[in-house]
Amino acid sequence: MMIFAPLLAEAKVIVVGESGNLFSVLLDQEGKAHTLVSDIDSALELAVRGDGIIVTAPGYPEERAEVASVYKVAKSRGLRVFVEYPSVLPSGEASQEYTAVLERGVITSDVMGLKKMSIVGINGCTLVKSDAAKPLIVLGKIAGYDTAVFGVDDVETLPILFRSGNTLVATTSFSNCVIGRYGPADSWQAVMSYVIGWILKDKEFELSSLPVDPKPAYARDEDLPSDAGTKSAVAAADWLWNARLFVHPSWEKELLRKYQPVGGDPNRFFGEPITDKMLQGDGCRGIMEGHASSIDVNGVQEYRYFVRADVHGESAMLLASAGMLSGDEKYADTAEKLLDYLFYTSDFRDGARGDRSSPVYGLISWANTHLEAFFNDDNARCVLGAIGASAMMDNQRWNTYIVENILSNLRLSSDEGFIGSSLWQHEITDKGWQWFSEREDYVNPSPHFESWMWACYLWLYDKTGYEPLLEKAKKGISHMMKVYPEWHAQNGIQQERARMILPLAWLVRVEDTPEHCEWLDIVVSKFLENQDECGAIREELGAAGADKNNLLISSNAEYGKNEASLIAINGDPVSDMLYTCNFGFFALNEAYKATGKYGAQVKKLADFLVRIQVASEEHKDLDGAWFRAFDFGRWDYWASNADNGWGAWCTLCGWIETWIGVTEGLVSKDTSYWEVTADMDMKEALENSLWMMEK
């Protein structure tokens, strides 16, 4: 028998497990005496009537806790026993293991102080199958943000926690809840409080806290340092190195082919993390996207090996911003390498896209695995990033590529200024760019896909005076405002408002008319109706004015199959950093600096985003990032993880990290992108590229 702590005269709780296991840590934290032993036989030898035994599974998920002898002895001696991930069930059945994929836990009893049908996450869950009746928690593939809105009757469920006589059985590992980053934290604190309280025979027992990592950089009401925004912006750029996202030749071919095959679905292929044992690139071979949303049993997230053009322009701007703020040359050096990769050494502008006789000349491919695919919103963010990086580094040698891309999109836009959600190289080559340009009455009322290219038109018009840029932008924006709020909403109406603010703000910059100011105020005011006192922007489903209880996912069967919102019903206290807060933050600052309005709201949003930036000691690859989701009611990283590719805990060096990090830097310096890029000289590049517009 091996005992790790001195035996108390009258031990109330005996823990079976390794030193440092979570139950021992929590009991010590709450000042509850216990004895730690290494095996169940030692525990049973020590236990007397009335004692409690906690049996952990330190080998989870490969090894189950050995409990074969515990059930009968516990009953005969009147012991209370909690077992997790047991070798056999109370019925004597060994049973098989099952590993969850999309399933989540659902509370089916009110004994834990949580509402019935409350949802809890159990990352990397492997469980022992059981047919126990009246479980307290079940596992199932269910829809909902905080609650199983459609119940569990129409899905197969498996017990997670149940009572059997004087034994409480968890079919998976509860002691892994901190390492595995189970969520939400307050719910798991309640679950663990119940388990320990049950062992202690204390119905009023509550844990004072549960360890959390990663966590927000600051508490909701914590005072921020005066330089918090600047530090946040630099930390955002440092995260690119923390996450080891820069591609290195030593593993480039093997891992990119393995985890992101040509033509493969980027929402299905994820891969192992890049560890500190692997060489990290310097930007010359590009940068990967970030993390997938799934979290494994060790709290580790897979990587997205997708190499996309847009994130190169964006990440270059993030790095250039950090260099401008810090004075450290390493940021600009890496930013320059990323832009050279984007425009020169990669295939994004190669082939027909670099052939002056081709109708796709000037376009930038979506990704190195999808060279024939074009999304004009990705092109827009790519060149906006390149423009910003160029200005911040005072290095304008990519101007021609920037202008060519904007003109290549301009000549593909319809008479009304719309391009469409996506285009393919073969269809442009077959029809010619003139066919697209001459489309009459073609519209696509989707700010997500259309609006930021109009912002590019307006920016370039301001620098060159080329009238077709202004004409197309005004036509597109005018139509969009005429049909508002009947817009196509990708994952909710708030993200569409967030996207639309930027072209409206820059339209006011070039034509400050009452109508244009009114348009801007209409969208911004509605966007800000959902700003919480803490600064967060709450998500909203459907069109403006829709039933507040409308559901984006209408059944449990739809969960995890398509792109989806982070919320289930309007009112869920969740912010989205992938689609809404990121773009809205950047655009709102541009609107503020263009009009002098909205400044207080920009500051509140800036402070909120500083506070929720990820801080982690255990997961260095996440330190300095922003996850897609944040529950500002709980102050925790929690939401519906229904999106099949971009779930609640994903990271993205372009869309998320860049637009938040760069804007934090702009706000800290009381300036805007428009002002920072004001001296960019684009006239020569435009004049040399106008041949592209000749029919």
# chains A, B, ... in the order shown; residues from 1 in each chain; ligands from 1
>>> residues_around(residues="stretch 279-283 of chain A", least_positions_apart="3", cutoff="10 Å", atoms="only C-alpha atoms", output="PyMOL selection string")
chain A and resi 241+243-252+274-276+286-287+312+316+330+333-341
>>> residues_around(residues="A:Glu272", least_positions_apart="2", cutoff="8 Å", atoms="only C-alpha atoms", output="ChimeraX atom specification")
/A:270,274,302-303
>>> write_last_selection(atoms="N, CA and C atoms", output="JSON list (two decimals), in the first residue's frame")
[["chain", "number", "residue", "atom", "x", "y", "z"],
["A", 270, "PHE", "N", -7.82, 19.18, -40.79],
["A", 270, "PHE", "CA", -7.05, 19.85, -39.74],
["A", 270, "PHE", "C", -5.87, 18.95, -39.38],
["A", 274, "ILE", "N", 1.99, 22.68, -34.63],
["A", 274, "ILE", "CA", 3.42, 22.89, -34.88],
["A", 274, "ILE", "C", 4.07, 23.08, -33.51],
["A", 302, "GLU", "N", -6.18, 21.50, -32.81],
["A", 302, "GLU", "CA", -5.53, 21.22, -34.08],
["A", 302, "GLU", "C", -5.29, 22.51, -34.85],
["A", 303, "TYR", "N", -4.41, 22.43, -35.84],
["A", 303, "TYR", "CA", -4.09, 23.58, -36.68],
["A", 303, "TYR", "C", -4.82, 23.49, -38.02]]
>>> residues_around(residues="stretch 522-534 of chain A", least_positions_apart="3", cutoff="8 Å", atoms="only C-alpha atoms", output="PyMOL selection string")
chain A and resi 220+494+497-498+500-501+518-519+537-539+588+601+604-605+608+632
>>> select_by_dssp(residues="stretch 450-584 of chain A", states="strand (DSSP E or B)", output="list of chain:residue names")
A:Gln531, A:Ile537, A:Val574, A:Ser575, A:Asp576
>>> select_by_dssp(residues="stretch 495-604 of chain A", states="helix (DSSP H, G or I)", output="short mmCIF file (atom, residue, chain, number, x, y, z; two decimals) with N, CA and C atoms, in the first residue's frame")
data_model
loop_
_atom_site.label_atom_id
_atom_site.label_comp_id
_atom_site.auth_asym_id
_atom_site.auth_seq_id
_atom_site.Cartn_x
_atom_site.Cartn_y
_atom_site.Cartn_z
N GLN A 495 -23.33 40.70 -38.39
CA GLN A 495 -22.10 40.66 -39.16
C GLN A 495 -22.25 41.45 -40.46
N GLU A 496 -23.47 41.49 -41.02
CA GLU A 496 -23.69 42.24 -42.25
C GLU A 496 -23.61 43.75 -41.97
N ARG A 497 -24.17 44.18 -40.85
CA ARG A 497 -24.05 45.58 -40.47
C ARG A 497 -22.58 45.95 -40.26
N ALA A 498 -21.86 45.05 -39.58
CA ALA A 498 -20.44 45.32 -39.31
C ALA A 498 -19.67 45.53 -40.60
N ARG A 499 -19.95 44.74 -41.62
CA ARG A 499 -19.26 44.85 -42.90
C ARG A 499 -19.65 46.13 -43.65
N MET A 500 -20.89 46.55 -43.51
CA MET A 500 -21.39 47.66 -44.32
C MET A 500 -20.90 49.02 -43.81
N ILE A 501 -20.48 49.09 -42.55
CA ILE A 501 -20.08 50.37 -41.97
C ILE A 501 -18.88 50.96 -42.69
N LEU A 502 -17.91 50.14 -43.09
CA LEU A 502 -16.68 50.67 -43.68
C LEU A 502 -16.92 51.44 -44.98
N PRO A 503 -17.57 50.86 -45.99
CA PRO A 503 -17.79 51.65 -47.21
C PRO A 503 -18.64 52.89 -46.97
N LEU A 504 -19.57 52.81 -46.04
CA LEU A 504 -20.39 53.98 -45.72
C LEU A 504 -19.54 55.09 -45.10
N ALA A 505 -18.62 54.71 -44.21
CA ALA A 505 -17.75 55.70 -43.58
C ALA A 505 -16.84 56.36 -44.61
N TRP A 506 -16.30 55.57 -45.53
CA TRP A 506 -15.40 56.14 -46.53
C TRP A 506 -16.14 56.88 -47.63
N LEU A 507 -17.41 56.53 -47.84
CA LEU A 507 -18.22 57.33 -48.76
C LEU A 507 -18.42 58.73 -48.20
N VAL A 508 -18.63 58.82 -46.88
CA VAL A 508 -18.72 60.13 -46.24
C VAL A 508 -17.40 60.89 -46.38
N ARG A 509 -16.29 60.17 -46.35
CA ARG A 509 -14.98 60.80 -46.53
C ARG A 509 -14.88 61.49 -47.91
N VAL A 510 -15.37 60.82 -48.96
CA VAL A 510 -15.19 61.37 -50.30
C VAL A 510 -16.36 62.24 -50.74
N PRO A 514 -25.65 64.92 -46.75
CA PRO A 514 -26.62 64.51 -45.73
C PRO A 514 -27.12 63.09 -45.93
N GLU A 515 -27.34 62.69 -47.18
CA GLU A 515 -27.82 61.34 -47.44
C GLU A 515 -26.80 60.30 -47.03
N HIS A 516 -25.55 60.52 -47.38
CA HIS A 516 -24.51 59.55 -47.04
C HIS A 516 -24.29 59.47 -45.54
N CYS A 517 -24.37 60.61 -44.85
CA CYS A 517 -24.26 60.60 -43.39
C CYS A 517 -25.44 59.87 -42.76
N GLU A 518 -26.62 60.04 -43.34
CA GLU A 518 -27.81 59.35 -42.83
C GLU A 518 -27.68 57.84 -43.00
N TRP A 519 -27.21 57.41 -44.17
CA TRP A 519 -27.01 55.98 -44.40
C TRP A 519 -26.08 55.40 -43.35
N LEU A 520 -24.96 56.08 -43.13
CA LEU A 520 -23.99 55.60 -42.15
C LEU A 520 -24.62 55.51 -40.77
N ASP A 521 -25.37 56.53 -40.40
CA ASP A 521 -25.96 56.55 -39.06
C ASP A 521 -27.02 55.47 -38.89
N ILE A 522 -27.76 55.17 -39.96
CA ILE A 522 -28.78 54.11 -39.90
C ILE A 522 -28.14 52.79 -39.50
N VAL A 523 -27.06 52.44 -40.18
CA VAL A 523 -26.43 51.14 -39.95
C VAL A 523 -25.67 51.13 -38.62
N VAL A 524 -24.91 52.18 -38.35
CA VAL A 524 -24.14 52.22 -37.10
C VAL A 524 -25.06 52.21 -35.89
N SER A 525 -26.13 52.99 -35.95
CA SER A 525 -27.05 53.06 -34.80
C SER A 525 -27.67 51.71 -34.51
N LYS A 526 -28.05 50.99 -35.55
CA LYS A 526 -28.64 49.66 -35.34
C LYS A 526 -27.59 48.68 -34.83
N PHE A 527 -26.40 48.79 -35.37
CA PHE A 527 -25.29 47.95 -34.91
C PHE A 527 -25.04 48.16 -33.42
N LEU A 528 -25.07 49.42 -32.99
CA LEU A 528 -24.74 49.75 -31.61
C LEU A 528 -25.89 49.53 -30.64
N ASN A 556 -32.00 19.39 -33.91
CA ASN A 556 -30.75 18.79 -33.45
C ASN A 556 -29.97 18.19 -34.61
N ALA A 557 -30.67 17.68 -35.61
CA ALA A 557 -30.01 17.02 -36.74
C ALA A 557 -29.14 17.97 -37.55
N GLU A 558 -29.44 19.28 -37.49
CA GLU A 558 -28.69 20.25 -38.29
C GLU A 558 -27.40 20.69 -37.60
N CYS A 581 -17.37 41.60 -34.35
CA CYS A 581 -16.60 42.56 -33.56
C CYS A 581 -15.32 42.97 -34.26
N ASN A 582 -14.70 42.05 -34.97
CA ASN A 582 -13.43 42.36 -35.64
C ASN A 582 -13.62 43.43 -36.72
N PHE A 583 -14.51 43.14 -37.68
CA PHE A 583 -14.74 44.08 -38.76
C PHE A 583 -15.48 45.32 -38.27
N GLY A 584 -16.40 45.12 -37.34
CA GLY A 584 -17.14 46.26 -36.80
C GLY A 584 -16.25 47.22 -36.05
N PHE A 585 -15.28 46.71 -35.31
CA PHE A 585 -14.34 47.53 -34.56
C PHE A 585 -13.54 48.42 -35.50
N PHE A 586 -12.95 47.80 -36.52
CA PHE A 586 -12.17 48.55 -37.50
C PHE A 586 -13.03 49.61 -38.19
N ALA A 587 -14.20 49.21 -38.66
CA ALA A 587 -15.07 50.11 -39.41
C ALA A 587 -15.63 51.22 -38.54
N LEU A 588 -15.99 50.88 -37.31
CA LEU A 588 -16.56 51.87 -36.41
C LEU A 588 -15.53 52.96 -36.09
N ASN A 589 -14.27 52.58 -35.97
CA ASN A 589 -13.23 53.58 -35.75
C ASN A 589 -13.09 54.49 -36.97
N GLU A 590 -13.22 53.90 -38.18
CA GLU A 590 -13.17 54.72 -39.39
C GLU A 590 -14.36 55.68 -39.43
N ALA A 591 -15.53 55.21 -39.00
CA ALA A 591 -16.72 56.07 -38.98
C ALA A 591 -16.55 57.19 -37.96
N TYR A 592 -15.98 56.87 -36.82
CA TYR A 592 -15.74 57.87 -35.78
C TYR A 592 -14.80 58.95 -36.29
N LYS A 593 -13.71 58.55 -36.91
CA LYS A 593 -12.74 59.53 -37.37
C LYS A 593 -13.23 60.31 -38.59
N ALA A 594 -14.21 59.77 -39.31
CA ALA A 594 -14.77 60.47 -40.46
C ALA A 594 -15.83 61.49 -40.05
N THR A 595 -16.51 61.23 -38.93
CA THR A 595 -17.66 62.06 -38.55
C THR A 595 -17.52 62.75 -37.20
N GLY A 599 -17.40 57.98 -30.86
CA GLY A 599 -16.11 57.80 -30.18
C GLY A 599 -16.20 57.02 -28.89
N ALA A 600 -17.23 57.29 -28.08
CA ALA A 600 -17.37 56.60 -26.80
C ALA A 600 -17.60 55.11 -27.02
N GLN A 601 -18.37 54.78 -28.05
CA GLN A 601 -18.65 53.37 -28.34
C GLN A 601 -17.40 52.65 -28.85
N VAL A 602 -16.59 53.34 -29.63
CA VAL A 602 -15.32 52.76 -30.09
C VAL A 602 -14.44 52.43 -28.89
N LYS A 603 -14.35 53.37 -27.96
CA LYS A 603 -13.51 53.15 -26.77
C LYS A 603 -14.01 51.97 -25.94
N LYS A 604 -15.31 51.86 -25.78
CA LYS A 604 -15.86 50.73 -25.02
C LYS A 604 -15.55 49.41 -25.70
#
>>> closest_residue(among="A:Lys561, A:Arg634, A:His479, A:Lys115", to="A:Gly183", atoms="only C-alpha atoms")
A:Arg634
>>> atom_distance(atom1="atom CA of A:Asp607", atom2="atom CA of A:Ile569")
26.2 Å
>>> residues_around(residues="A:Glu684", least_positions_apart="6", cutoff="10 Å", atoms="only C-alpha atoms", output="NGL selection string")
:A and (399-400 or 403 or 464)
>>> write_last_selection(atoms="all heavy atoms", output="PDB file, in the first residue's frame")
ATOM      1  N   ASN A 399       2.598  48.650 -54.973  1.00  0.00           N
ATOM      2  CA  ASN A 399       1.457  49.457 -55.407  1.00  0.00           C
ATOM      3  C   ASN A 399       0.805  48.943 -56.681  1.00  0.00           C
ATOM      4  O   ASN A 399      -0.421  48.939 -56.809  1.00  0.00           O
ATOM      5  CB  ASN A 399       1.883  50.913 -55.616  1.00  0.00           C
ATOM      6  CG  ASN A 399       2.079  51.651 -54.297  1.00  0.00           C
ATOM      7  OD1 ASN A 399       2.021  51.045 -53.222  1.00  0.00           O
ATOM      8  ND2 ASN A 399       2.325  52.946 -54.368  1.00  0.00           N
ATOM      9  N   THR A 400       1.614  48.545 -57.657  1.00  0.00           N
ATOM     10  CA  THR A 400       1.044  48.082 -58.930  1.00  0.00           C
ATOM     11  C   THR A 400       0.164  46.862 -58.724  1.00  0.00           C
ATOM     12  O   THR A 400      -0.934  46.765 -59.305  1.00  0.00           O
ATOM     13  CB  THR A 400       2.169  47.770 -59.932  1.00  0.00           C
ATOM     14  OG1 THR A 400       2.880  48.975 -60.229  1.00  0.00           O
ATOM     15  CG2 THR A 400       1.592  47.205 -61.232  1.00  0.00           C
ATOM     16  N   VAL A 403      -3.163  47.998 -57.148  1.00  0.00           N
ATOM     17  CA  VAL A 403      -4.043  48.656 -58.112  1.00  0.00           C
ATOM     18  C   VAL A 403      -4.612  47.652 -59.108  1.00  0.00           C
ATOM     19  O   VAL A 403      -5.804  47.685 -59.436  1.00  0.00           O
ATOM     20  CB  VAL A 403      -3.284  49.780 -58.845  1.00  0.00           C
ATOM     21  CG1 VAL A 403      -4.097  50.290 -60.040  1.00  0.00           C
ATOM     22  CG2 VAL A 403      -2.989  50.923 -57.885  1.00  0.00           C
ATOM     23  N   THR A 464      -6.623  58.808 -56.495  1.00  0.00           N
ATOM     24  CA  THR A 464      -6.371  58.967 -57.934  1.00  0.00           C
ATOM     25  C   THR A 464      -7.403  59.808 -58.671  1.00  0.00           C
ATOM     26  O   THR A 464      -7.116  60.306 -59.761  1.00  0.00           O
ATOM     27  CB  THR A 464      -6.328  57.582 -58.612  1.00  0.00           C
ATOM     28  OG1 THR A 464      -7.628  56.958 -58.509  1.00  0.00           O
ATOM     29  CG2 THR A 464      -5.270  56.693 -57.967  1.00  0.00           C
TER      30      THR A 464
END
>>> closest_atom_pairs(of="stretch 88-160 of chain A", to="stretch 164-175 of chain A", cutoff="6 Å", atoms="only C-alpha atoms", output="CSV")
residue,atom,partner,partner_atom,distance
A:Leu127,CA,A:Thr172,CA,4.4
A:Val128,CA,A:Thr171,CA,5.0
A:Ile160,CA,A:Thr171,CA,5.1
>>> atom_distance(atom1="atom CA of A:Ala33", atom2="atom CA of A:Val83")
19.0 Å
>>> decode(residues="stretch 459-493 of chain A", atoms="N, CA and C atoms", output="mmCIF file, in the first residue's frame")
data_model
loop_
_atom_site.group_PDB
_atom_site.id
_atom_site.type_symbol
_atom_site.label_atom_id
_atom_site.label_comp_id
_atom_site.auth_asym_id
_atom_site.auth_seq_id
_atom_site.Cartn_x
_atom_site.Cartn_y
_atom_site.Cartn_z
ATOM 1 N N TRP A 459 -11.326 54.108 -51.537
ATOM 2 C CA TRP A 459 -9.972 54.470 -51.100
ATOM 3 C C TRP A 459 -9.116 54.835 -52.306
ATOM 4 N N LEU A 460 -9.152 54.012 -53.357
ATOM 5 C CA LEU A 460 -8.319 54.276 -54.531
ATOM 6 C C LEU A 460 -8.810 55.514 -55.292
ATOM 7 N N TYR A 461 -10.116 55.733 -55.309
ATOM 8 C CA TYR A 461 -10.651 56.947 -55.927
ATOM 9 C C TYR A 461 -10.095 58.183 -55.234
ATOM 10 N N ASP A 462 -10.055 58.159 -53.927
ATOM 11 C CA ASP A 462 -9.550 59.305 -53.172
ATOM 12 C C ASP A 462 -8.101 59.601 -53.518
ATOM 13 N N LYS A 463 -7.336 58.565 -53.846
ATOM 14 C CA LYS A 463 -5.917 58.763 -54.140
ATOM 15 C C LYS A 463 -5.666 59.109 -55.602
ATOM 16 N N THR A 464 -6.623 58.808 -56.495
ATOM 17 C CA THR A 464 -6.371 58.967 -57.934
ATOM 18 C C THR A 464 -7.403 59.808 -58.671
ATOM 19 N N GLY A 465 -8.613 59.921 -58.144
ATOM 20 C CA GLY A 465 -9.671 60.645 -58.839
ATOM 21 C C GLY A 465 -10.267 59.885 -60.007
ATOM 22 N N TYR A 466 -10.020 58.584 -60.114
ATOM 23 C CA TYR A 466 -10.555 57.780 -61.230
ATOM 24 C C TYR A 466 -12.047 57.547 -61.011
ATOM 25 N N GLU A 467 -12.887 58.205 -61.791
ATOM 26 C CA GLU A 467 -14.320 58.284 -61.560
ATOM 27 C C GLU A 467 -15.058 56.946 -61.558
ATOM 28 N N PRO A 468 -14.709 55.981 -62.451
ATOM 29 C CA PRO A 468 -15.450 54.703 -62.416
ATOM 30 C C PRO A 468 -15.411 54.010 -61.055
ATOM 31 N N LEU A 469 -14.364 54.232 -60.298
ATOM 32 C CA LEU A 469 -14.296 53.648 -58.955
ATOM 33 C C LEU A 469 -15.397 54.206 -58.069
ATOM 34 N N LEU A 470 -15.569 55.511 -58.089
ATOM 35 C CA LEU A 470 -16.612 56.144 -57.286
ATOM 36 C C LEU A 470 -17.996 55.759 -57.789
ATOM 37 N N GLU A 471 -18.154 55.717 -59.091
ATOM 38 C CA GLU A 471 -19.457 55.404 -59.678
ATOM 39 C C GLU A 471 -19.946 54.018 -59.264
ATOM 40 N N LYS A 472 -19.075 53.023 -59.403
ATOM 41 C CA LYS A 472 -19.482 51.657 -59.048
ATOM 42 C C LYS A 472 -19.735 51.529 -57.550
ATOM 43 N N ALA A 473 -18.891 52.165 -56.747
ATOM 44 C CA ALA A 473 -19.082 52.087 -55.297
ATOM 45 C C ALA A 473 -20.412 52.714 -54.890
ATOM 46 N N LYS A 474 -20.719 53.877 -55.437
ATOM 47 C CA LYS A 474 -21.959 54.555 -55.086
ATOM 48 C C LYS A 474 -23.187 53.769 -55.531
ATOM 49 N N LYS A 475 -23.122 53.158 -56.697
ATOM 50 C CA LYS A 475 -24.262 52.365 -57.167
ATOM 51 C C LYS A 475 -24.508 51.181 -56.244
ATOM 52 N N GLY A 476 -23.447 50.467 -55.910
ATOM 53 C CA GLY A 476 -23.605 49.308 -55.038
ATOM 54 C C GLY A 476 -24.124 49.687 -53.665
ATOM 55 N N ILE A 477 -23.523 50.716 -53.073
ATOM 56 C CA ILE A 477 -23.938 51.148 -51.739
ATOM 57 C C ILE A 477 -25.373 51.654 -51.754
ATOM 58 N N SER A 478 -25.725 52.433 -52.784
ATOM 59 C CA SER A 478 -27.084 52.967 -52.887
ATOM 60 C C SER A 478 -28.112 51.852 -52.940
ATOM 61 N N HIS A 479 -27.851 50.843 -53.767
ATOM 62 C CA HIS A 479 -28.799 49.726 -53.847
ATOM 63 C C HIS A 479 -28.892 49.011 -52.507
ATOM 64 N N MET A 480 -27.747 48.790 -51.853
ATOM 65 C CA MET A 480 -27.749 48.062 -50.583
ATOM 66 C C MET A 480 -28.585 48.802 -49.539
ATOM 67 N N MET A 481 -28.490 50.106 -49.524
ATOM 68 C CA MET A 481 -29.245 50.873 -48.536
ATOM 69 C C MET A 481 -30.732 50.951 -48.888
ATOM 70 N N LYS A 482 -31.044 50.872 -50.174
ATOM 71 C CA LYS A 482 -32.452 50.882 -50.569
ATOM 72 C C LYS A 482 -33.169 49.617 -50.096
ATOM 73 N N VAL A 483 -32.470 48.505 -50.095
ATOM 74 C CA VAL A 483 -33.120 47.243 -49.731
ATOM 75 C C VAL A 483 -32.928 46.898 -48.253
ATOM 76 N N TYR A 484 -32.129 47.686 -47.530
ATOM 77 C CA TYR A 484 -31.934 47.399 -46.103
ATOM 78 C C TYR A 484 -33.271 47.450 -45.376
ATOM 79 N N PRO A 485 -33.573 46.496 -44.489
ATOM 80 C CA PRO A 485 -32.682 45.451 -43.946
ATOM 81 C C PRO A 485 -32.789 44.096 -44.642
ATOM 82 N N GLU A 486 -33.317 44.067 -45.839
ATOM 83 C CA GLU A 486 -33.481 42.790 -46.546
ATOM 84 C C GLU A 486 -32.164 42.376 -47.201
ATOM 85 N N TRP A 487 -31.185 42.126 -46.374
ATOM 86 C CA TRP A 487 -29.878 41.685 -46.850
ATOM 87 C C TRP A 487 -29.746 40.179 -46.677
ATOM 88 N N HIS A 488 -28.904 39.576 -47.493
ATOM 89 C CA HIS A 488 -28.549 38.176 -47.287
ATOM 90 C C HIS A 488 -27.633 38.106 -46.067
ATOM 91 N N ALA A 489 -28.025 37.362 -45.072
ATOM 92 C CA ALA A 489 -27.245 37.264 -43.836
ATOM 93 C C ALA A 489 -26.524 35.925 -43.796
ATOM 94 N N GLN A 490 -25.209 35.949 -43.783
ATOM 95 C CA GLN A 490 -24.411 34.725 -43.773
ATOM 96 C C GLN A 490 -24.615 33.943 -42.481
ATOM 97 N N ASN A 491 -24.364 34.593 -41.365
ATOM 98 C CA ASN A 491 -24.547 33.937 -40.066
ATOM 99 C C ASN A 491 -25.274 34.841 -39.083
ATOM 100 N N GLY A 492 -25.980 35.818 -39.585
ATOM 101 C CA GLY A 492 -26.680 36.746 -38.719
ATOM 102 C C GLY A 492 -26.595 38.162 -39.257
ATOM 103 N N ILE A 493 -27.543 38.999 -38.888
ATOM 104 C CA ILE A 493 -27.615 40.356 -39.424
ATOM 105 C C ILE A 493 -26.533 41.261 -38.863
#
